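This report refers to the structure that appears directly beneath it.
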Amino acid sequence: MSTPDPSGNEQEGGDKPSFDKPPQAGTPSGAPSDPHGTPPPPPPPGDTPYGTPPGYGAPYGAPPGGSGTPHGSPYGAAPPPVSGPYADQSGGPVPGMPPLATWPNRIIAKVIDFVMMEALAIVVSLPFSDLGRQNGWIGPIWLGYAFFLVYEGLMLSRDGQTVGKKLFHLRVAMLIDGSTPTPNAGWIRSATFVLPAVICCGGLWWPVDGLFGVFDKPYRQAIHDKAAKTVVVTTA
């Protein structure tokens with residue numbers, strides 16, 4: 001009576017484990033298998049798993065990608081491409097800006113405008129004021145202040161020039177792009193020059209206002225220029 005061979009009746013691929021299968025690729029023979037697969041290779045030297053942060057390694061204070069605002073440009077904004085009023089001009093602290101006006105020319109132009117308005121105020125006040133009396137000049141002086149405020153606000157809003165500035169080839173421009181002052185800027189500039197003198201400081205206000213601009217760098221802005229965000233440049 002023959003004994004059946006157990007191994008002869010087993011079908012290939014049955015439940016019995018096979019010891020003849022080659023080890024999986026990437027797993028050394030004899031090493032325990034990793035249930036999660038083979039770990040990825042380490043990153044190259046100097047690299048990080050998350051990439052390089054934007055701007056890392058750039059010069060101190062330089063914005064990423066070489067963009068941003070140049071140091072010292074007005075109001076935190078880079079000047080736009082040169083066109084319009086500043087086109088084909090140079091000499092100022094911003095590319096395309098014409099040379100800044102000198103202080104002697106600015107002062108003389110301002111005096112001319114102020115004397116014109118005071119003279120007009122005196123003429124208008126003659127029928128109503130006795131200029132022979134000591135206090136007879138008070139009315140014309142105050143009226144002259146009012147005339148000057150209105151005159152400069154209107155003239156600067158129109159083309160950036162008063163009569164005095166035209167005589168000395170000067171122009172008030174918006175600092176950001178050289179355009180004619182907006183009506184808001186023109187009136188703010190005029191009011192900042194006149195009202196502090198009228199309200200509290202008298203004639204002392206104007207030396208303070210002017211000296212502020214003498215020491216202002218690089219745009220030579222007096223206080224009334226700072227308030228209106230304007231600058232005075234030459235036109236010749």
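Just remember, in the structure tokens the first chain shown is A, the second B, etc., residues are 1-based per chain, and ligands are 1-based in the order shown.
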Contacts of Arg189 in chain A within 9 Å, only C-alpha atoms, excl. fewer than 3 positions in-chain, as a VMD selection string: chain A and resid 152 to 153 156 184 to 186 192 to 194 223 to 230
Find the residues around range 127-141 of chain A up to 10 Å (only C-alpha atoms counted), leave out those fewer than 6 positions away in its own chain, and share them as a PDB file with N, CA and C atoms, in the first residue's frame.
ATOM      1  N   MET A 117      -0.270 141.443  -2.679  1.00  0.00           N
ATOM      2  CA  MET A 117      -1.562 141.267  -2.012  1.00  0.00           C
ATOM      3  C   MET A 117      -1.799 142.342  -0.950  1.00  0.00           C
ATOM      4  N   GLU A 118      -0.739 142.747  -0.245  1.00  0.00           N
ATOM      5  CA  GLU A 118      -0.915 143.821   0.739  1.00  0.00           C
ATOM      6  C   GLU A 118      -1.232 145.137   0.048  1.00  0.00           C
ATOM      7  N   ALA A 119      -0.609 145.388  -1.086  1.00  0.00           N
ATOM      8  CA  ALA A 119      -0.906 146.620  -1.824  1.00  0.00           C
ATOM      9  C   ALA A 119      -2.352 146.618  -2.300  1.00  0.00           C
ATOM     10  N   LEU A 120      -2.814 145.459  -2.789  1.00  0.00           N
ATOM     11  CA  LEU A 120      -4.208 145.361  -3.220  1.00  0.00           C
ATOM     12  C   LEU A 120      -5.147 145.584  -2.039  1.00  0.00           C
ATOM     13  N   ALA A 121      -4.796 145.046  -0.883  1.00  0.00           N
ATOM     14  CA  ALA A 121      -5.636 145.216   0.305  1.00  0.00           C
ATOM     15  C   ALA A 121      -5.699 146.688   0.729  1.00  0.00           C
ATOM     16  N   PHE A 147      -6.221 137.999   1.361  1.00  0.00           N
ATOM     17  CA  PHE A 147      -5.998 138.018  -0.092  1.00  0.00           C
ATOM     18  C   PHE A 147      -4.869 137.049  -0.475  1.00  0.00           C
TER      19      PHE A 147
END
Minimum-distance residue to Ala101 in chain A, chosen among A:Gly213, A:Pro196, A:Pro183, A:Gly202 (using only C-alpha atoms): A:Gly213
Straight-line distance linking CA of Trp187 in chain A with CA of Lys166 in chain A, stated in Å to one decimal: 18.9 Å
Who sits within 7 Å of Lys165 in chain A, only C-alpha atoms, same chain under 5 positions skipped, as a list in words: Ala109, Leu170 and Arg171 of chain A
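Secondary structure by DSSP on the backbone puts the following residues of range 136-196 of chain A in strand (DSSP E or B): Leu170, Arg171, Val172, Ala173 and Met174 of chain A.
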From A:Val233, A:Leu100, A:Leu167, A:Val94, residue lying nearest Ile112 in chain A [only C-alpha atoms]: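 Nearest candidate to Ile112 in chain A out of A:Val233, A:Leu100, A:Leu167, A:Val94: A:Leu167.
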